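Shown here: input-v2.cif, mmCIF, C-alpha atoms.
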data_protein
#
loop_
_atom_site.label_atom_id
_atom_site.label_comp_id
_atom_site.auth_asym_id
_atom_site.auth_seq_id
_atom_site.Cartn_x
_atom_site.Cartn_y
_atom_site.Cartn_z
CA ARG A 1 -80.48 -68.83 74.66
CA ARG A 2 -77.55 -70.89 75.89
CA VAL A 3 -75.28 -69.51 73.18
CA PHE A 4 -76.41 -65.93 73.81
CA PHE A 5 -76.00 -65.95 77.60
CA GLY A 6 -72.86 -68.08 77.52
CA GLN A 7 -71.14 -65.76 75.08
CA LEU A 8 -72.37 -62.68 76.95
CA VAL A 9 -70.74 -63.88 80.17
CA SER A 10 -67.55 -64.82 78.35
CA LEU A 11 -67.33 -61.53 76.42
CA VAL A 12 -67.72 -59.53 79.63
CA GLY A 13 -64.80 -61.50 81.06
CA ARG A 14 -62.70 -60.87 77.96
CA GLN A 15 -63.40 -57.13 78.21
CA ILE A 16 -62.06 -57.21 81.76
CA THR A 17 -58.78 -58.43 80.29
CA THR A 18 -58.98 -55.64 77.71
CA VAL A 19 -58.63 -53.20 80.60
CA ALA A 20 -56.17 -55.27 82.63
CA VAL A 21 -53.53 -55.71 79.92
CA PRO A 22 -52.80 -52.01 79.14
CA TYR A 23 -53.05 -51.12 82.81
CA GLN A 24 -50.52 -53.81 83.71
CA ILE A 25 -48.15 -52.78 80.92
CA PHE A 26 -48.31 -49.15 82.02
CA LEU A 27 -47.62 -50.09 85.64
CA LEU A 28 -44.60 -52.11 84.52
CA THR A 29 -43.17 -49.59 82.05
CA HIS A 30 -44.87 -46.18 82.54
CA SER A 31 -44.70 -45.92 78.74
CA PRO A 32 -47.76 -44.99 76.64
CA LEU A 33 -45.70 -46.07 73.63
CA LEU A 34 -45.50 -49.65 74.88
CA VAL A 35 -49.20 -49.61 75.75
CA GLY A 36 -49.88 -48.69 72.14
CA ALA A 37 -47.38 -51.30 70.96
CA ALA A 38 -49.47 -53.96 72.68
CA GLY A 39 -52.26 -53.12 70.27
CA ALA A 40 -49.91 -52.97 67.31
CA VAL A 41 -48.47 -56.44 67.93
CA GLN A 42 -52.00 -57.84 67.75
CA ALA A 43 -52.57 -56.45 64.26
CA VAL A 44 -50.50 -58.97 62.28
CA PRO A 45 -51.99 -62.17 63.79
CA LEU A 46 -55.43 -60.59 63.71
CA ILE A 47 -55.22 -59.84 59.98
CA ALA A 48 -53.53 -63.12 59.08
CA ALA A 49 -55.96 -65.25 61.08
CA SER A 50 -58.96 -63.31 59.78
CA LEU A 51 -57.96 -64.05 56.18
CA GLY A 52 -57.53 -67.75 56.90
CA ALA A 53 -60.60 -68.09 59.10
CA GLY A 54 -63.14 -68.22 56.25
CA PRO A 55 -61.77 -71.32 54.49
CA LEU A 56 -61.25 -72.97 57.88
CA ILE A 57 -64.82 -72.33 59.00
CA ASP A 58 -66.20 -73.63 55.70
CA ARG A 59 -64.34 -76.94 55.96
CA PHE A 60 -64.57 -78.12 59.56
CA ASP A 61 -67.19 -78.64 62.23
CA ARG A 62 -67.81 -75.15 63.63
CA ARG A 63 -68.72 -76.56 67.02
CA ARG A 64 -65.30 -78.18 67.31
CA ILE A 65 -63.60 -75.00 66.15
CA LEU A 66 -65.38 -73.01 68.87
CA MET A 67 -64.46 -75.58 71.51
CA LEU A 68 -60.79 -75.27 70.53
CA THR A 69 -60.81 -71.47 70.34
CA GLN A 70 -62.58 -71.08 73.68
CA PHE A 71 -60.10 -73.42 75.34
CA ALA A 72 -57.13 -71.65 73.73
CA LEU A 73 -58.39 -68.19 74.74
CA ALA A 74 -58.91 -69.41 78.30
CA LEU A 75 -55.34 -70.72 78.28
CA CYS A 76 -54.05 -67.30 77.16
CA SER A 77 -55.92 -65.61 80.00
CA THR A 78 -54.53 -68.21 82.41
CA LEU A 79 -50.99 -67.29 81.34
CA LEU A 80 -51.77 -63.61 81.94
CA ALA A 81 -53.16 -64.47 85.39
CA LEU A 82 -50.02 -66.44 86.27
CA GLY A 83 -47.89 -63.51 85.14
CA ALA A 84 -49.90 -61.15 87.35
CA VAL A 85 -49.46 -63.50 90.33
CA TRP A 86 -45.72 -63.50 89.60
CA GLY A 87 -45.87 -59.72 89.91
CA ASP A 88 -43.19 -58.71 87.42
CA PRO A 89 -43.74 -60.61 84.16
CA PRO A 90 -41.67 -59.67 81.10
CA VAL A 91 -43.51 -57.22 78.88
CA ALA A 92 -42.38 -59.19 75.84
CA GLY A 93 -44.17 -62.23 77.27
CA ILE A 94 -47.39 -60.23 77.63
CA PHE A 95 -47.03 -59.11 74.02
CA VAL A 96 -46.68 -62.72 72.85
CA VAL A 97 -49.77 -63.85 74.78
CA VAL A 98 -52.01 -60.99 73.59
CA ALA A 99 -50.82 -61.46 69.99
CA LEU A 100 -51.67 -65.16 70.18
CA ALA A 101 -55.07 -64.37 71.72
CA ALA A 102 -55.80 -61.87 68.92
CA GLY A 103 -55.15 -64.51 66.28
CA ILE A 104 -57.37 -67.03 68.06
CA ALA A 105 -60.15 -64.47 68.52
CA ALA A 106 -60.02 -63.72 64.79
CA VAL A 107 -61.09 -67.33 64.20
CA ASP A 108 -63.49 -67.52 67.13
CA SER A 109 -65.63 -64.47 66.32
CA PRO A 110 -66.65 -65.29 62.71
CA THR A 111 -67.22 -68.92 63.69
CA ARG A 112 -69.72 -67.85 66.36
CA THR A 113 -71.49 -65.62 63.85
CA ALA A 114 -71.56 -68.37 61.22
CA ILE A 115 -73.42 -70.84 63.44
CA ILE A 116 -76.34 -68.48 64.12
CA PRO A 117 -78.25 -69.28 60.88
CA ASN A 118 -77.90 -73.01 61.64
CA ILE A 119 -79.55 -72.98 65.07
CA ILE A 120 -82.61 -70.80 64.35
CA ASP A 121 -85.31 -70.48 61.70
CA ARG A 122 -84.76 -68.05 58.83
CA ALA A 123 -87.60 -65.85 60.08
CA GLN A 124 -85.77 -65.42 63.39
CA LEU A 125 -82.46 -64.44 61.79
CA PRO A 126 -82.86 -60.61 61.92
CA GLY A 127 -83.75 -60.74 65.60
CA ALA A 128 -80.91 -63.14 66.37
CA LEU A 129 -78.34 -60.95 64.62
CA SER A 130 -79.68 -57.92 66.50
CA LEU A 131 -79.27 -59.81 69.77
CA ASN A 132 -75.75 -60.75 68.77
CA PHE A 133 -74.90 -57.09 68.22
CA ALA A 134 -76.58 -56.08 71.47
CA MET A 135 -74.58 -58.76 73.30
CA PHE A 136 -71.32 -57.34 71.95
CA GLN A 137 -72.25 -53.75 72.82
CA THR A 138 -73.33 -54.76 76.32
CA SER A 139 -69.99 -56.43 76.91
CA LEU A 140 -68.16 -53.31 75.71
CA ILE A 141 -69.88 -51.30 78.44
CA ALA A 142 -70.20 -53.75 81.34
CA GLY A 143 -66.87 -55.55 80.92
CA PRO A 144 -64.48 -52.57 81.21
CA ALA A 145 -66.52 -50.98 83.99
CA VAL A 146 -66.48 -54.20 86.02
CA GLY A 147 -62.84 -54.77 85.13
CA GLY A 148 -61.76 -51.39 86.44
CA LEU A 149 -63.61 -51.93 89.71
CA VAL A 150 -62.17 -55.43 90.17
CA ILE A 151 -58.59 -54.30 89.46
CA ALA A 152 -58.93 -51.34 91.81
CA ARG A 153 -60.43 -53.41 94.64
CA VAL A 154 -58.67 -56.79 94.46
CA GLY A 155 -55.93 -56.52 91.83
CA LEU A 156 -54.87 -57.85 88.47
CA PRO A 157 -54.57 -61.58 89.30
CA LEU A 158 -58.27 -61.90 90.17
CA ALA A 159 -59.28 -59.79 87.16
CA TYR A 160 -57.55 -62.22 84.80
CA THR A 161 -58.91 -65.17 86.78
CA ILE A 162 -62.47 -63.92 86.32
CA ASP A 163 -61.85 -63.92 82.57
CA VAL A 164 -60.65 -67.53 82.75
CA VAL A 165 -63.69 -68.62 84.76
CA THR A 166 -66.19 -66.92 82.45
CA PHE A 167 -65.00 -69.02 79.53
CA ALA A 168 -66.76 -71.95 81.23
CA ALA A 169 -70.15 -70.42 80.36
CA ALA A 170 -69.31 -70.11 76.67
CA PHE A 171 -67.69 -73.55 76.58
CA TYR A 172 -70.79 -75.13 78.15
CA ALA A 173 -73.06 -73.46 75.58
CA VAL A 174 -70.88 -74.69 72.72
CA VAL A 175 -70.65 -78.25 74.05
CA ARG A 176 -74.46 -78.45 74.19
CA LEU A 177 -74.74 -77.57 70.51
CA SER A 178 -75.30 -80.24 67.88
CA SER A 179 -72.62 -80.80 65.27
CA GLN A 180 -72.14 -77.77 63.02
CA ARG A 181 -70.59 -79.39 59.97
CA PRO A 182 -70.59 -77.38 56.72
CA ARG A 183 -73.45 -78.33 54.41
CA ASP A 184 -71.57 -77.77 51.14
CA ALA A 185 -68.94 -80.44 50.49
CA GLN A 186 -67.42 -78.54 47.53
CA HIS A 187 -64.78 -75.99 48.42
CA GLU A 188 -62.11 -74.01 46.67
CA PRO A 189 -58.51 -74.57 47.80
CA PRO A 190 -57.83 -72.28 50.79
CA LEU A 191 -55.48 -69.86 49.02
CA ARG A 192 -57.81 -69.59 46.03
CA ALA A 193 -60.74 -68.94 48.37
CA ILE A 194 -58.82 -66.11 50.06
CA ARG A 195 -57.93 -64.59 46.69
CA SER A 196 -61.55 -64.87 45.56
CA GLY A 197 -62.74 -63.09 48.69
CA LEU A 198 -60.25 -60.26 48.27
CA ALA A 199 -61.14 -59.94 44.58
CA PHE A 200 -64.83 -59.74 45.46
CA ALA A 201 -64.18 -57.02 48.06
CA ARG A 202 -62.22 -54.95 45.53
CA THR A 203 -65.26 -54.85 43.23
CA LYS A 204 -67.59 -53.56 45.97
CA PRO A 205 -67.01 -49.89 46.88
CA VAL A 206 -69.50 -50.16 49.73
CA ILE A 207 -67.45 -52.91 51.39
CA LEU A 208 -64.18 -51.05 50.86
CA GLY A 209 -65.71 -47.85 52.21
CA GLY A 210 -66.94 -49.67 55.30
CA PHE A 211 -63.49 -51.14 55.88
CA ALA A 212 -61.84 -47.73 55.45
CA MET A 213 -64.22 -45.97 57.84
CA ASP A 214 -63.87 -48.66 60.49
CA LEU A 215 -60.08 -48.68 60.18
CA CYS A 216 -59.85 -44.89 60.52
CA ALA A 217 -62.18 -44.92 63.52
CA MET A 218 -60.24 -47.67 65.28
CA VAL A 219 -56.79 -46.20 64.59
CA PHE A 220 -57.41 -42.45 64.93
CA GLY A 221 -60.70 -42.15 66.81
CA MET A 222 -60.00 -44.37 69.84
CA PRO A 223 -56.71 -43.31 71.50
CA ARG A 224 -56.76 -46.16 74.01
CA ALA A 225 -52.99 -46.06 74.48
CA LEU A 226 -53.50 -42.75 76.28
CA PHE A 227 -56.16 -44.02 78.68
CA PRO A 228 -53.80 -45.56 81.29
CA VAL A 229 -51.66 -42.45 81.58
CA LEU A 230 -54.76 -40.22 81.68
CA ALA A 231 -56.38 -42.33 84.39
CA THR A 232 -53.28 -42.63 86.58
CA ASP A 233 -51.24 -39.45 86.04
CA VAL A 234 -53.74 -36.82 84.85
CA TYR A 235 -57.08 -37.59 86.52
CA HIS A 236 -55.63 -39.74 89.35
CA THR A 237 -58.54 -42.19 89.19
CA GLY A 238 -56.46 -45.36 88.84
CA ALA A 239 -57.85 -48.62 87.48
CA GLN A 240 -61.44 -47.68 88.30
CA GLY A 241 -61.30 -44.56 86.16
CA LEU A 242 -59.51 -46.49 83.42
CA GLY A 243 -62.35 -49.00 83.29
CA PHE A 244 -64.91 -46.23 82.97
CA MET A 245 -62.87 -44.67 80.14
CA TYR A 246 -62.96 -47.92 78.19
CA ALA A 247 -66.67 -48.34 78.96
CA ALA A 248 -67.35 -44.79 77.71
CA THR A 249 -66.52 -45.72 74.12
CA GLY A 250 -69.14 -48.48 74.14
CA THR A 251 -71.64 -46.17 75.85
CA GLY A 252 -71.09 -43.51 73.21
CA ALA A 253 -71.61 -46.05 70.45
CA GLU A 254 -74.93 -47.09 71.98
CA ILE A 255 -76.08 -43.48 72.37
CA GLY A 256 -75.14 -42.75 68.76
CA ARG A 257 -76.99 -45.82 67.53
CA ALA A 258 -80.10 -44.85 69.48
#

Please re-express this file's structure in C-alpha coordinates.
Amino acid sequence: RRVFFGQLVSLVGRQITTVAVPYQIFLLTHSPLLVGAAGAVQAVPLIAASLGAGPLIDRFDRRRILMLTQFALALCSTLLALGAVWGDPPVAGIFVVVALAAGIAAVDSPTRTAIIPNIIDRAQLPGALSLNFAMFQTSLIAGPAVGGLVIARVGLPLAYTIDVVTFAAAFYAVVRLSSQRPRDAQHEPPLRAIRSGLAFARTKPVILGGFAMDLCAMVFGMPRALFPVLATDVYHTGAQGLGFMYAATGTGAEIGRA
(Lines of atoms letter the chains of each structure in order from A and count residues from 1; the text may use other names and numbers.)
(Lines give C-alpha, C1' and ligand atoms only; values in the text may rest on other atoms or scores of the structure.)
Protein backbone atom coordinates (compact mmCIF):
# COMPACT_ATOMS: atom_id res chain seq x y z
CA ARG A 1 0.00 0.00 0.00
CA ARG A 2 2.79 2.42 0.85
CA VAL A 3 4.55 1.73 -2.45
CA PHE A 4 1.32 2.07 -4.43
CA PHE A 5 0.14 5.35 -2.90
CA GLY A 6 3.63 6.82 -2.68
CA GLN A 7 4.33 6.16 -6.34
CA LEU A 8 0.85 7.37 -7.34
CA VAL A 9 1.45 10.74 -5.69
CA SER A 10 4.92 10.99 -7.19
CA LEU A 11 3.79 10.02 -10.70
CA VAL A 12 1.04 12.64 -10.65
CA GLY A 13 3.70 15.22 -9.77
CA ARG A 14 5.95 14.02 -12.59
CA GLN A 15 3.07 14.32 -15.06
CA ILE A 16 2.65 17.94 -14.00
CA THR A 17 6.21 18.49 -15.17
CA THR A 18 5.36 16.68 -18.40
CA VAL A 19 2.96 19.53 -19.15
CA ALA A 20 5.13 22.31 -17.73
CA VAL A 21 8.27 21.60 -19.78
CA PRO A 22 6.78 21.89 -23.33
CA TYR A 23 4.64 24.82 -22.25
CA GLN A 24 7.67 26.65 -20.89
CA ILE A 25 9.74 25.92 -24.00
CA PHE A 26 6.96 27.20 -26.24
CA LEU A 27 6.60 30.38 -24.19
CA LEU A 28 10.35 30.96 -24.47
CA THR A 29 10.73 30.13 -28.17
CA HIS A 30 7.27 30.00 -29.84
CA SER A 31 8.72 27.08 -31.82
CA PRO A 32 6.87 23.75 -32.12
CA LEU A 33 10.12 22.38 -33.56
CA LEU A 34 11.97 23.02 -30.31
CA VAL A 35 9.08 21.58 -28.30
CA GLY A 36 9.46 18.40 -30.34
CA ALA A 37 13.23 18.55 -29.96
CA ALA A 38 12.78 18.37 -26.19
CA GLY A 39 11.29 14.93 -26.69
CA ALA A 40 13.96 13.94 -29.18
CA VAL A 41 16.85 14.79 -26.84
CA GLN A 42 15.37 12.42 -24.28
CA ALA A 43 15.48 9.47 -26.66
CA VAL A 44 19.23 8.75 -26.52
CA PRO A 45 19.60 8.67 -22.70
CA LEU A 46 16.29 6.82 -22.44
CA ILE A 47 17.43 4.04 -24.78
CA ALA A 48 20.96 3.86 -23.40
CA ALA A 49 19.84 3.77 -19.77
CA SER A 50 17.10 1.24 -20.52
CA LEU A 51 19.64 -1.16 -22.01
CA GLY A 52 21.94 -0.83 -19.01
CA ALA A 53 19.19 -0.89 -16.39
CA GLY A 54 18.65 -4.66 -16.44
CA PRO A 55 22.19 -5.70 -15.45
CA LEU A 56 22.24 -2.90 -12.87
CA ILE A 57 18.97 -3.98 -11.27
CA ASP A 58 20.11 -7.61 -11.14
CA ARG A 59 23.33 -6.76 -9.28
CA PHE A 60 22.49 -4.16 -6.65
CA ASP A 61 19.99 -3.60 -3.88
CA ARG A 62 16.86 -2.37 -5.68
CA ARG A 63 15.78 -0.36 -2.66
CA ARG A 64 19.01 1.64 -2.79
CA ILE A 65 18.66 2.12 -6.54
CA LEU A 66 15.16 3.54 -6.07
CA MET A 67 16.35 5.85 -3.30
CA LEU A 68 19.04 7.23 -5.61
CA THR A 69 16.75 7.58 -8.64
CA GLN A 70 14.00 9.29 -6.65
CA PHE A 71 16.49 11.74 -5.19
CA ALA A 72 18.06 12.41 -8.61
CA LEU A 73 14.67 12.96 -10.27
CA ALA A 74 13.68 15.35 -7.49
CA LEU A 75 16.93 17.23 -8.08
CA CYS A 76 16.14 17.54 -11.81
CA SER A 77 12.71 18.96 -11.01
CA THR A 78 14.33 21.35 -8.53
CA LEU A 79 16.60 22.66 -11.29
CA LEU A 80 13.56 23.20 -13.53
CA ALA A 81 11.79 25.04 -10.70
CA LEU A 82 14.81 27.30 -10.17
CA GLY A 83 14.90 28.03 -13.89
CA ALA A 84 11.21 28.95 -13.84
CA VAL A 85 11.80 31.29 -10.87
CA TRP A 86 14.64 32.87 -12.87
CA GLY A 87 12.08 33.54 -15.59
CA ASP A 88 14.26 33.23 -18.68
CA PRO A 89 16.33 30.03 -18.42
CA PRO A 90 18.35 28.90 -21.44
CA VAL A 91 16.45 26.37 -23.52
CA ALA A 92 19.62 24.32 -23.87
CA GLY A 93 19.72 24.02 -20.08
CA ILE A 94 16.14 22.72 -20.03
CA PHE A 95 17.11 20.17 -22.68
CA VAL A 96 20.03 18.95 -20.56
CA VAL A 97 17.87 18.56 -17.45
CA VAL A 98 15.03 16.69 -19.21
CA ALA A 99 17.54 14.42 -20.98
CA LEU A 100 19.16 13.59 -17.65
CA ALA A 101 15.76 12.96 -16.07
CA ALA A 102 14.81 10.62 -18.94
CA GLY A 103 17.90 8.52 -18.37
CA ILE A 104 17.25 8.33 -14.63
CA ALA A 105 13.59 7.43 -15.17
CA ALA A 106 14.67 4.61 -17.48
CA VAL A 107 16.40 3.03 -14.48
CA ASP A 108 13.73 3.97 -11.95
CA SER A 109 10.71 2.49 -13.73
CA PRO A 110 11.92 -1.12 -14.25
CA THR A 111 13.39 -1.14 -10.75
CA ARG A 112 9.99 -0.30 -9.27
CA THR A 113 8.37 -3.05 -11.33
CA ALA A 114 11.05 -5.57 -10.35
CA ILE A 115 10.44 -5.20 -6.62
CA ILE A 116 6.72 -6.02 -6.84
CA PRO A 117 7.17 -9.85 -6.83
CA ASN A 118 9.42 -9.53 -3.76
CA ILE A 119 6.93 -7.73 -1.50
CA ILE A 120 3.78 -9.78 -2.16
CA ASP A 121 2.77 -13.44 -2.40
CA ARG A 122 2.77 -15.10 -5.81
CA ALA A 123 -1.02 -15.45 -5.70
CA GLN A 124 -1.33 -11.67 -5.35
CA LEU A 125 0.96 -10.90 -8.31
CA PRO A 126 -1.74 -10.52 -11.03
CA GLY A 127 -3.69 -8.09 -8.89
CA ALA A 128 -0.57 -6.15 -7.94
CA LEU A 129 0.51 -5.77 -11.56
CA SER A 130 -3.00 -4.63 -12.47
CA LEU A 131 -2.84 -2.02 -9.72
CA ASN A 132 0.54 -0.91 -11.01
CA PHE A 133 -0.92 -0.37 -14.47
CA ALA A 134 -3.97 1.40 -13.04
CA MET A 135 -1.65 3.68 -11.04
CA PHE A 136 0.22 4.67 -14.19
CA GLN A 137 -2.97 5.31 -16.17
CA THR A 138 -4.45 7.36 -13.34
CA SER A 139 -1.36 9.55 -13.26
CA LEU A 140 -1.57 10.06 -17.04
CA ILE A 141 -5.05 11.53 -16.60
CA ALA A 142 -4.89 13.35 -13.26
CA GLY A 143 -1.34 14.70 -13.53
CA PRO A 144 -1.66 16.71 -16.77
CA ALA A 145 -5.12 17.98 -15.85
CA VAL A 146 -3.90 19.21 -12.46
CA GLY A 147 -0.71 20.52 -14.03
CA GLY A 148 -2.57 22.65 -16.55
CA LEU A 149 -4.77 24.14 -13.83
CA VAL A 150 -1.80 24.87 -11.55
CA ILE A 151 0.22 26.53 -14.34
CA ALA A 152 -2.76 28.62 -15.43
CA ARG A 153 -3.61 29.75 -11.89
CA VAL A 154 -0.25 30.17 -10.13
CA GLY A 155 2.49 29.68 -12.73
CA LEU A 156 5.34 27.41 -13.69
CA PRO A 157 7.52 27.76 -10.55
CA LEU A 158 4.85 26.27 -8.27
CA ALA A 159 4.03 23.55 -10.81
CA TYR A 160 7.64 22.33 -10.75
CA THR A 161 7.76 22.74 -6.97
CA ILE A 162 4.74 20.47 -6.57
CA ASP A 163 6.62 17.81 -8.53
CA VAL A 164 9.60 18.17 -6.19
CA VAL A 165 7.41 17.88 -3.09
CA THR A 166 5.54 14.80 -4.33
CA PHE A 167 8.80 12.86 -4.54
CA ALA A 168 8.74 12.82 -0.73
CA ALA A 169 5.82 10.36 -0.80
CA ALA A 170 7.64 7.92 -3.07
CA PHE A 171 10.90 8.33 -1.16
CA TYR A 172 9.15 7.58 2.15
CA ALA A 173 7.57 4.43 0.71
CA VAL A 174 10.94 3.22 -0.59
CA VAL A 175 12.77 3.95 2.66
CA ARG A 176 10.23 1.83 4.58
CA LEU A 177 10.94 -1.18 2.36
CA SER A 178 13.23 -3.97 3.50
CA SER A 179 16.42 -4.59 1.57
CA GLN A 180 15.75 -5.72 -2.00
CA ARG A 181 19.01 -7.49 -2.81
CA PRO A 182 19.03 -9.83 -5.82
CA ARG A 183 18.57 -13.47 -4.86
CA ASP A 184 20.77 -14.94 -7.59
CA ALA A 185 24.48 -14.29 -6.99
CA GLN A 186 25.49 -15.54 -10.46
CA HIS A 187 25.37 -12.95 -13.21
CA GLU A 188 26.66 -12.55 -16.72
CA PRO A 189 29.02 -9.63 -17.38
CA PRO A 190 26.91 -6.52 -18.11
CA LEU A 191 27.72 -6.26 -21.83
CA ARG A 192 27.12 -9.98 -22.35
CA ALA A 193 23.81 -9.70 -20.49
CA ILE A 194 22.71 -6.86 -22.78
CA ARG A 195 23.69 -8.85 -25.86
CA SER A 196 21.84 -11.89 -24.55
CA GLY A 197 18.70 -9.83 -23.99
CA LEU A 198 18.81 -8.35 -27.48
CA ALA A 199 19.46 -11.78 -28.99
CA PHE A 200 16.46 -13.19 -27.12
CA ALA A 201 14.22 -10.36 -28.34
CA ARG A 202 15.26 -10.98 -31.96
CA THR A 203 14.02 -14.57 -31.71
CA LYS A 204 10.56 -13.55 -30.45
CA PRO A 205 8.34 -11.99 -33.15
CA VAL A 206 5.69 -11.18 -30.55
CA ILE A 207 8.14 -9.03 -28.58
CA LEU A 208 9.44 -7.30 -31.71
CA GLY A 209 5.89 -6.68 -32.91
CA GLY A 210 4.96 -5.16 -29.56
CA PHE A 211 8.01 -2.89 -29.70
CA ALA A 212 7.20 -1.82 -33.26
CA MET A 213 3.55 -1.04 -32.50
CA ASP A 214 4.42 0.94 -29.38
CA LEU A 215 7.14 2.88 -31.19
CA CYS A 216 4.83 3.79 -34.07
CA ALA A 217 2.09 4.85 -31.67
CA MET A 218 4.42 7.02 -29.60
CA VAL A 219 6.14 8.66 -32.59
CA PHE A 220 3.27 9.08 -35.06
CA GLY A 221 0.10 8.72 -33.00
CA MET A 222 0.77 11.26 -30.22
CA PRO A 223 1.71 14.65 -31.76
CA ARG A 224 2.46 16.26 -28.40
CA ALA A 225 4.80 18.83 -29.94
CA LEU A 226 1.70 20.43 -31.47
CA PHE A 227 -0.27 20.65 -28.23
CA PRO A 228 1.28 23.91 -26.91
CA VAL A 229 0.71 25.80 -30.14
CA LEU A 230 -2.83 24.38 -30.45
CA ALA A 231 -3.69 25.33 -26.88
CA THR A 232 -2.24 28.85 -27.04
CA ASP A 233 -2.59 30.02 -30.65
CA VAL A 234 -5.46 27.97 -32.11
CA TYR A 235 -7.92 27.28 -29.29
CA HIS A 236 -6.70 30.10 -26.99
CA THR A 237 -7.12 27.96 -23.87
CA GLY A 238 -3.60 28.46 -22.50
CA ALA A 239 -2.01 26.13 -19.97
CA GLN A 240 -5.36 24.83 -18.73
CA GLY A 241 -6.37 23.61 -22.17
CA LEU A 242 -2.88 22.19 -22.70
CA GLY A 243 -3.22 20.10 -19.55
CA PHE A 244 -6.55 18.73 -20.71
CA MET A 245 -5.02 17.84 -24.09
CA TYR A 246 -2.32 15.79 -22.41
CA ALA A 247 -4.89 14.20 -20.09
CA ALA A 248 -7.06 13.28 -23.10
CA THR A 249 -4.52 10.75 -24.36
CA GLY A 250 -4.61 8.87 -21.05
CA THR A 251 -8.41 9.11 -20.95
CA GLY A 252 -8.65 7.66 -24.45
CA ALA A 253 -6.37 4.81 -23.49
CA GLU A 254 -8.59 3.97 -20.52
CA ILE A 255 -11.75 4.11 -22.64
CA GLY A 256 -10.15 1.84 -25.24
CA ARG A 257 -9.04 -0.63 -22.59
CA ALA A 258 -12.52 -0.73 -21.08

Check: Could you pull the residues within 12 Å of Val98 of chain A, counting all atoms listed in the file, minus those fewer than 5 positions along the same chain, as an MDAnalysis selection string?
Finding: chainID A and resid 14 17:18 20:22 25 35 37:46 72:80 91:93 103:105

Check: What is the atom CA of Leu34 of chain A-atom CA of Leu226 of chain A distance in Å, reported with one decimal?
Finding: 10.7 Å

Item checked: Shell around Arg64 of chain A at 9 Å using only C-alpha atoms, local window under 2 positions removed, as a PyMOL selection string -> chain A and resi 60-62+66-69+174-175+179-180

Cut-off 10 Å around (-64.7, -68.4, 51.1) with only C-alpha atoms: residues as a CSV table (one decimal) with C-alpha atoms, in the coordinates of the input:
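Produced file point.csv, reproduced below:
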chain,number,residue,atom,x,y,z
A,51,LEU,CA,-58.0,-64.0,56.2
A,52,GLY,CA,-57.5,-67.8,56.9
A,53,ALA,CA,-60.6,-68.1,59.1
A,54,GLY,CA,-63.1,-68.2,56.2
A,55,PRO,CA,-61.8,-71.3,54.5
A,56,LEU,CA,-61.2,-73.0,57.9
A,57,ILE,CA,-64.8,-72.3,59.0
A,58,ASP,CA,-66.2,-73.6,55.7
A,59,ARG,CA,-64.3,-76.9,56.0
A,187,HIS,CA,-64.8,-76.0,48.4
A,188,GLU,CA,-62.1,-74.0,46.7
A,189,PRO,CA,-58.5,-74.6,47.8
A,190,PRO,CA,-57.8,-72.3,50.8
A,191,LEU,CA,-55.5,-69.9,49.0
A,192,ARG,CA,-57.8,-69.6,46.0
A,193,ALA,CA,-60.7,-68.9,48.4
A,194,ILE,CA,-58.8,-66.1,50.1
A,195,ARG,CA,-57.9,-64.6,46.7
A,196,SER,CA,-61.6,-64.9,45.6
A,197,GLY,CA,-62.7,-63.1,48.7
A,198,LEU,CA,-60.2,-60.3,48.3

Check: Nearest to Ala106 of chain A among A:Asn118, A:Ala48, A:Pro90, A:Phe133, with distances taken over all atoms listed in the file: which residue is it?
Finding: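 Of all the options, A:Ala48 lies closest to Ala106 of chain A.
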
Notebook entry, point to check: On this structure, which residues satisfy the PyMOL selection byres ((chain A and resi 159-165) around 10), written as a PyMOL selection string?
Noted result: chain A and resi 9-21+70-71+73-85+143+146-158+166-170
